[in-house]
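Have a look at input-v4.txt; it's compact mmCIF, C-alpha atoms:
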# COMPACT_ATOMS: atom_id res chain seq x y z
CA MET A 1 -55.84 -212.06 62.63
CA THR A 2 -58.85 -214.01 63.81
CA ALA A 3 -60.89 -216.05 61.38
CA VAL A 4 -63.83 -213.67 61.81
CA GLN A 5 -62.68 -210.29 60.54
CA ARG A 6 -63.56 -207.47 62.93
CA ALA A 7 -64.09 -203.87 62.00
CA GLY A 8 -61.41 -201.68 63.46
CA GLY A 9 -59.76 -199.79 60.67
CA ALA A 10 -56.41 -200.36 59.06
CA SER A 11 -52.93 -199.61 60.31
CA PRO A 12 -51.34 -196.52 58.71
CA VAL A 13 -48.83 -196.33 55.89
CA ASP A 14 -46.13 -193.63 55.95
CA PHE A 15 -46.18 -192.43 52.34
CA ALA A 16 -43.82 -189.54 53.17
CA VAL A 17 -41.13 -192.06 54.08
CA PHE A 18 -41.84 -194.94 51.75
CA GLY A 19 -43.24 -193.09 48.77
CA ASP A 20 -46.38 -193.50 46.72
CA TYR A 21 -47.12 -196.60 44.70
CA GLY A 22 -48.66 -194.31 42.11
CA ASP A 23 -50.43 -195.01 38.86
CA PHE A 24 -48.16 -197.59 37.23
CA ARG A 25 -50.09 -197.36 33.97
CA ARG A 26 -48.10 -194.20 33.12
CA LYS A 27 -44.89 -196.17 32.85
CA ARG A 28 -45.82 -197.90 29.60
CA PRO A 29 -48.31 -197.33 26.80
CA GLN A 30 -51.66 -199.09 27.03
CA PRO A 31 -53.86 -200.18 24.11
CA ALA A 32 -56.27 -197.64 22.66
CA THR A 33 -59.10 -199.98 23.67
CA GLY A 34 -58.42 -199.18 27.33
CA GLU A 35 -57.63 -202.80 28.13
CA PHE A 36 -55.16 -203.47 30.96
CA VAL A 37 -52.12 -205.42 29.72
CA ARG A 38 -49.82 -207.03 32.27
CA PRO A 39 -46.09 -206.64 31.55
CA ALA A 40 -43.96 -209.67 30.81
CA TYR A 41 -41.74 -211.07 33.55
CA ARG A 42 -38.15 -210.81 32.31
CA PHE A 43 -36.51 -213.00 34.97
CA ARG A 44 -37.49 -216.57 34.17
CA GLY A 45 -34.71 -218.82 35.48
CA ARG A 46 -35.65 -222.27 36.76
CA ILE A 47 -34.46 -224.44 39.63
CA THR A 48 -33.70 -228.06 38.77
CA ALA A 49 -33.05 -231.00 41.05
CA ASP A 50 -29.95 -232.00 39.08
CA GLY A 51 -28.63 -228.44 38.70
CA SER A 52 -28.72 -228.55 34.90
CA SER A 53 -30.31 -225.09 34.79
CA GLY A 54 -27.44 -223.56 36.75
CA TYR A 55 -29.64 -223.28 39.84
CA PRO A 56 -29.61 -226.60 41.75
CA ALA A 57 -32.23 -227.46 44.37
CA VAL A 58 -30.03 -226.93 47.44
CA ALA A 59 -31.26 -226.28 50.95
CA GLY A 60 -30.57 -222.77 52.24
CA ARG A 61 -29.40 -221.38 48.90
CA TYR A 62 -32.49 -219.38 47.91
CA HIS A 63 -34.58 -216.65 49.43
CA LEU A 64 -38.13 -215.91 48.30
CA TYR A 65 -39.24 -212.29 48.61
CA ILE A 66 -43.00 -211.80 48.70
CA SER A 67 -45.73 -209.41 49.77
CA TRP A 68 -48.50 -210.68 52.02
CA ALA A 69 -50.92 -208.32 50.33
CA CYS A 70 -51.02 -209.13 46.64
CA PRO A 71 -51.28 -212.37 44.67
CA TRP A 72 -48.55 -211.15 42.36
CA ALA A 73 -46.73 -209.58 45.31
CA HIS A 74 -45.70 -206.11 44.18
CA ARG A 75 -42.63 -204.04 44.60
CA THR A 76 -39.07 -204.95 45.49
CA ALA A 77 -35.70 -203.40 44.79
CA MET A 78 -33.68 -205.04 41.97
CA ALA A 79 -30.00 -204.39 41.84
CA THR A 80 -29.06 -207.54 40.04
CA GLU A 81 -29.03 -206.46 36.37
CA PRO A 82 -27.15 -203.20 35.63
CA GLY A 83 -29.31 -200.65 33.86
CA TYR A 84 -32.50 -202.65 34.35
CA ASP A 85 -35.48 -200.33 33.85
CA GLY A 86 -38.29 -202.83 33.37
CA HIS A 87 -41.22 -203.92 35.49
CA ILE A 88 -40.38 -204.35 39.18
CA SER A 89 -42.38 -206.96 41.05
CA VAL A 90 -42.39 -209.70 43.62
CA PRO A 91 -42.36 -212.61 44.21
CA VAL A 92 -38.66 -212.69 43.53
CA LEU A 93 -36.62 -215.85 43.92
CA TRP A 94 -33.10 -214.79 44.91
CA ASP A 95 -29.96 -216.92 44.65
CA ARG A 96 -27.79 -216.13 47.65
CA GLN A 97 -24.72 -217.84 46.14
CA THR A 98 -24.54 -215.89 42.88
CA GLY A 99 -26.26 -212.76 44.16
CA ARG A 100 -28.72 -212.79 41.29
CA ILE A 101 -32.44 -213.12 40.71
CA VAL A 102 -33.40 -216.58 39.55
CA SER A 103 -36.97 -215.68 38.63
CA SER A 104 -39.83 -213.26 39.12
CA ASN A 105 -42.16 -215.42 37.04
CA PHE A 106 -44.60 -216.69 39.63
CA PRO A 107 -45.95 -219.73 37.71
CA GLY A 108 -42.47 -221.17 37.26
CA ILE A 109 -41.52 -220.47 40.87
CA THR A 110 -44.42 -222.43 42.35
CA ILE A 111 -43.93 -225.37 40.00
CA ASP A 112 -40.21 -225.55 40.76
CA LEU A 113 -40.74 -225.38 44.51
CA ASP A 114 -43.17 -228.27 44.26
CA THR A 115 -41.33 -230.50 41.80
CA GLN A 116 -37.58 -229.94 42.21
CA PHE A 117 -37.09 -230.20 45.97
CA GLY A 118 -38.17 -233.82 46.35
CA ALA A 119 -35.23 -234.53 48.66
CA PHE A 120 -36.70 -232.12 51.20
CA SER A 121 -40.41 -232.84 50.61
CA ASN A 122 -42.91 -233.93 53.24
CA GLY A 123 -44.68 -236.02 50.64
CA THR A 124 -47.15 -233.38 49.45
CA ASP A 125 -47.44 -233.30 45.66
CA LEU A 126 -49.45 -230.38 44.27
CA TYR A 127 -48.43 -231.08 40.68
CA PRO A 128 -48.67 -234.86 40.17
CA ALA A 129 -47.52 -236.02 36.76
CA ALA A 130 -50.77 -237.80 35.93
CA LEU A 131 -52.82 -234.63 36.48
CA ARG A 132 -50.49 -232.05 34.95
CA PRO A 133 -52.37 -231.66 31.64
CA LYS A 134 -55.64 -231.06 33.52
CA ILE A 135 -53.97 -228.74 36.04
CA ASP A 136 -52.34 -226.73 33.25
CA ALA A 137 -55.63 -226.46 31.36
CA ILE A 138 -57.66 -225.15 34.29
CA ASN A 139 -54.81 -222.86 35.39
CA ALA A 140 -54.76 -221.26 31.93
CA VAL A 141 -58.46 -220.42 32.12
CA VAL A 142 -58.39 -219.28 35.74
CA TYR A 143 -55.35 -217.08 35.19
CA GLN A 144 -56.72 -215.34 32.11
CA THR A 145 -60.27 -214.76 33.31
CA VAL A 146 -60.09 -214.72 37.12
CA ASN A 147 -56.58 -214.13 38.55
CA ASN A 148 -55.72 -211.54 35.95
CA GLY A 149 -59.34 -210.90 35.03
CA VAL A 150 -60.02 -208.90 38.18
CA TYR A 151 -57.07 -206.68 37.29
CA ARG A 152 -58.32 -206.29 33.74
CA SER A 153 -61.57 -205.10 35.25
CA GLY A 154 -60.12 -202.81 37.91
CA MET A 155 -57.41 -201.30 35.72
CA ALA A 156 -59.52 -200.90 32.58
CA ALA A 157 -59.47 -197.45 31.03
CA SER A 158 -62.64 -197.78 28.98
CA GLN A 159 -66.19 -198.95 29.64
CA GLU A 160 -65.96 -201.62 26.97
CA ALA A 161 -62.72 -203.09 28.33
CA TYR A 162 -64.14 -203.12 31.85
CA HIS A 163 -67.38 -204.80 30.79
CA ASP A 164 -65.54 -207.49 28.83
CA ALA A 165 -63.21 -208.28 31.72
CA ALA A 166 -65.90 -208.31 34.42
CA SER A 167 -68.18 -210.49 32.30
CA ARG A 168 -65.40 -213.04 31.81
CA VAL A 169 -64.66 -213.14 35.55
CA PHE A 170 -68.21 -214.12 36.41
CA ALA A 171 -68.61 -216.52 33.49
CA THR A 172 -65.69 -218.51 34.87
CA LEU A 173 -66.85 -218.24 38.48
CA ASP A 174 -70.25 -219.54 37.38
CA ASP A 175 -68.56 -222.50 35.69
CA LEU A 176 -66.42 -223.19 38.77
CA GLU A 177 -69.51 -223.06 40.98
CA GLN A 178 -71.01 -225.90 38.94
CA ARG A 179 -67.72 -227.78 38.84
CA LEU A 180 -67.46 -227.74 42.63
CA ALA A 181 -71.01 -229.07 43.09
CA GLY A 182 -69.75 -232.63 42.70
CA ARG A 183 -66.15 -232.56 43.89
CA ARG A 184 -64.34 -231.21 46.91
CA TYR A 185 -61.46 -229.57 45.05
CA LEU A 186 -61.03 -228.49 41.45
CA LEU A 187 -59.63 -231.82 40.30
CA GLY A 188 -61.14 -234.23 42.79
CA ASP A 189 -60.39 -235.26 46.36
CA ALA A 190 -56.87 -233.83 46.61
CA ILE A 191 -55.59 -230.26 46.58
CA THR A 192 -53.44 -229.39 43.58
CA GLU A 193 -51.60 -226.41 42.16
CA ALA A 194 -54.89 -225.36 40.55
CA ASP A 195 -56.54 -224.86 43.94
CA VAL A 196 -53.61 -222.80 45.20
CA ARG A 197 -53.79 -220.47 42.21
CA LEU A 198 -57.54 -219.96 42.46
CA TRP A 199 -57.35 -219.40 46.23
CA VAL A 200 -55.31 -216.20 46.05
CA THR A 201 -58.07 -214.47 44.11
CA LEU A 202 -60.98 -215.91 46.09
CA ALA A 203 -59.38 -214.78 49.35
CA ARG A 204 -59.30 -211.19 48.08
CA PHE A 205 -62.55 -211.18 46.18
CA ASP A 206 -65.12 -209.80 48.62
CA ALA A 207 -62.58 -207.83 50.68
CA VAL A 208 -61.10 -205.96 47.71
CA TYR A 209 -61.99 -206.89 44.16
CA HIS A 210 -65.79 -206.71 44.51
CA TYR A 211 -65.69 -203.00 45.30
CA HIS A 212 -62.21 -201.66 44.55
CA PHE A 213 -61.91 -203.34 41.14
CA LYS A 214 -65.66 -203.05 40.35
CA VAL A 215 -66.08 -206.82 39.93
CA ASN A 216 -69.46 -206.58 41.59
CA LEU A 217 -72.09 -208.63 39.79
CA ARG A 218 -71.88 -211.14 42.63
CA ARG A 219 -69.81 -211.71 45.76
CA LEU A 220 -67.90 -214.86 46.61
CA THR A 221 -70.36 -215.36 49.46
CA ASP A 222 -73.19 -215.46 46.90
CA TYR A 223 -71.80 -218.73 45.48
CA PRO A 224 -72.67 -221.62 47.83
CA ASN A 225 -70.12 -224.07 46.44
CA LEU A 226 -67.29 -221.60 45.85
CA TRP A 227 -67.77 -220.01 49.26
CA GLY A 228 -67.81 -223.40 51.00
CA TYR A 229 -64.76 -224.46 48.98
CA ALA A 230 -62.91 -221.27 49.95
CA ARG A 231 -63.68 -221.81 53.65
CA ASP A 232 -62.54 -225.43 53.29
CA LEU A 233 -59.17 -224.24 51.98
CA TYR A 234 -58.94 -221.53 54.65
CA SER A 235 -59.39 -224.16 57.37
CA LEU A 236 -55.99 -225.61 56.41
CA PRO A 237 -52.96 -224.05 58.17
CA ALA A 238 -50.99 -223.51 54.94
CA PHE A 239 -53.78 -221.33 53.54
CA ARG A 240 -54.90 -219.65 56.76
CA ALA A 241 -51.43 -218.73 58.05
CA THR A 242 -50.37 -217.10 54.79
CA THR A 243 -53.54 -215.03 54.29
CA ASN A 244 -53.41 -211.63 55.98
CA PHE A 245 -56.60 -209.70 55.34
CA ASP A 246 -55.26 -206.54 56.97
CA HIS A 247 -52.27 -206.42 54.62
CA ILE A 248 -54.48 -207.23 51.65
CA LYS A 249 -56.94 -204.40 52.29
CA ARG A 250 -54.31 -201.80 53.22
CA HIS A 251 -52.28 -202.58 50.12
CA TYR A 252 -55.05 -202.26 47.59
CA TYR A 253 -57.00 -199.37 49.06
CA THR A 254 -53.97 -197.21 49.84
CA THR A 255 -51.67 -197.87 46.87
CA HIS A 256 -53.95 -197.19 43.91
CA PRO A 257 -54.60 -193.44 44.20
CA HIS A 258 -55.99 -193.31 40.66
CA ILE A 259 -58.77 -195.64 41.85
CA ASN A 260 -59.11 -194.63 45.52
CA PRO A 261 -57.64 -191.12 45.94
CA THR A 262 -58.86 -190.76 49.55
CA ARG A 263 -56.97 -193.91 50.61
CA ILE A 264 -59.81 -194.74 53.00
CA VAL A 265 -59.79 -198.45 53.85
CA PRO A 266 -63.28 -199.86 54.45
CA ASP A 267 -63.96 -201.67 57.71
CA GLY A 268 -65.94 -204.44 56.01
CA PRO A 269 -66.98 -206.83 54.76
CA LEU A 270 -66.90 -209.29 57.66
CA PRO A 271 -67.42 -212.80 56.26
CA ASP A 272 -67.14 -215.67 58.70
CA TRP A 273 -64.23 -217.66 57.31
CA ALA A 274 -64.41 -220.07 60.26
CA ALA A 275 -68.00 -221.13 59.56
CA PRO A 276 -68.45 -224.88 58.87
CA HIS A 277 -67.80 -225.56 55.19
CA ASP A 278 -69.49 -228.97 54.79
CA ARG A 279 -67.19 -229.86 51.89
CA ALA A 280 -66.35 -233.45 52.82
CA LEU A 281 -67.91 -234.72 49.60
CA SER A 282 -67.81 -238.43 48.85

Once you've parsed the file, please lay out its structure as structure tokens.
Amino acid sequence: MTAVQRAGGASPVDFAVFGDYGDFRRKRPQPATGEFVRPAYRFRGRITADGSSGYPAVAGRYHLYISWACPWAHRTAMATEPGYDGHISVPVLWDRQTGRIVSSNFPGITIDLDTQFGAFSNGTDLYPAALRPKIDAINAVVYQTVNNGVYRSGMAASQEAYHDAASRVFATLDDLEQRLAGRRYLLGDAITEADVRLWVTLARFDAVYHYHFKVNLRRLTDYPNLWGYARDLYSLPAFRATTNFDHIKRHYYTTHPHINPTRIVPDGPLPDWAAPHDRALS
């Protein structure tokens, strides 16, 4: 996909063959308030460099299953725990040696990949020890009010729950806009785990969340600092190569029939992700 998104429709999905994602809210009771509550991730194993967890950091041993479309990466087949009838999701970190799932808990997966494979690292450290308390603090706020906040807005079943969630999304985005006025990345001059976690929501914000999840007080492109920051991240190969706007839009607009029963995927918006970002702050 080119940096400038071009209108041309979305590729089709064969629901007759692959089935319907459906309204997953029916699978478990939701609060009477109408608030969306994300299920807990049952698989929470950890990889350790010394193998003390039972899952050593060994090259070629693990396979990470993901979806290009969703920040949580939905849907995969689990056959690893007999009788398992809980929440099914990706990413899933699979241990080829034991034939079992190590984890489906995305925060632990990213931290382990960054901290436990030092023997194979290129020197990039997204979770430096000196910054971990600050990274953890900003991640906690961003997860609750932005990453998961857009879902709490889009999946809300009452006006009050929706309003609360949407208000919190934009309160945090407003704070981040001010934070980024004087620094290039969330914690200074270097990219950290906090930037990676915020990115996955910003990349989807105008294309999906603004309309589909009704988080529409403002667009990402209405925030000068956040929009420049997002384009700055997108200019880096690791962010650009793993962001597929076609997959993102097809996934959301075609797999939530309770929100978009026509499954029509909009052609726009068409933000210029390749525009100069001017984020080389001193």

Quiz prompt | Residue nearest Leu226 of chain A among A:Leu198, A:Val208, A:Ala157, A:Val37 (counting all atoms listed in the file) | solution = A:Leu198

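One distance worth recording is that between atom CA of Asp174 of chain A and atom CA of Pro237 of chain A, which is 27.4 Å.
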
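Closest approach to Arg231 of chain A among A:Ile259, A:Ala274, A:Ile138, A:Ile191: A:Ala274, based on all atoms listed in the file.
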
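Taking atom CA of Gly268 of chain A and atom CA of Asp246 of chain A as endpoints, the distance between them is 10.9 Å.
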
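With all atoms listed in the file as the basis for measurement, A:Asp206 is the residue among A:Leu131, A:Asp206, A:Ser104, A:Gln97 that approaches Tyr223 of chain A most closely.
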
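With distances restricted to all atoms listed in the file, A:Asp195 is the closest residue to Leu180 of chain A from A:Asp125, A:Asp164, A:Asp95, A:Asp195.
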
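As for atom CA of Ala238 of chain A and atom CA of Phe213 of chain A, they are spaced 26.8 Å apart.
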
Quiz item: If we count all atoms listed in the file, what is near Ala156 of chain A at a cut-off of 6 Å, once residues fewer than 5 positions away on the same chain are taken out, given as a ChimeraX atom specification?
Solution: /A:34-36,161-162

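With only C-alpha atoms as the atoms that count, the residue of A:His277, A:Lys249, A:Arg218, A:Arg184 with the shortest distance to Phe170 of chain A is A:Arg218.
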
Practice problem: Skip Thr243 of chain A itself and residues of its chain fewer than 3 positions away, then list as a VMD selection string all residues within 9 Å of it, counting only C-alpha atoms. | Solution: chain A and resid 68 to 69 200 203 234 238 to 240 247 to 248

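Close contacts of Ala181 of chain A, defined as residues with an atom at most 10 Å away when counting only C-alpha atoms, with chain neighbours fewer than 2 positions off set aside, comprise Leu176, Glu177, Gln178, Arg179, Arg183, Arg184, Tyr185, Pro224, Asn225, Leu226, Tyr229, Arg279 and Leu281 of chain A.
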
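The residue that comes closest to Ser103 of chain A, out of A:Asn122, A:Pro91, A:Thr201, A:Tyr209 and on the basis of all atoms listed in the file, is A:Pro91.
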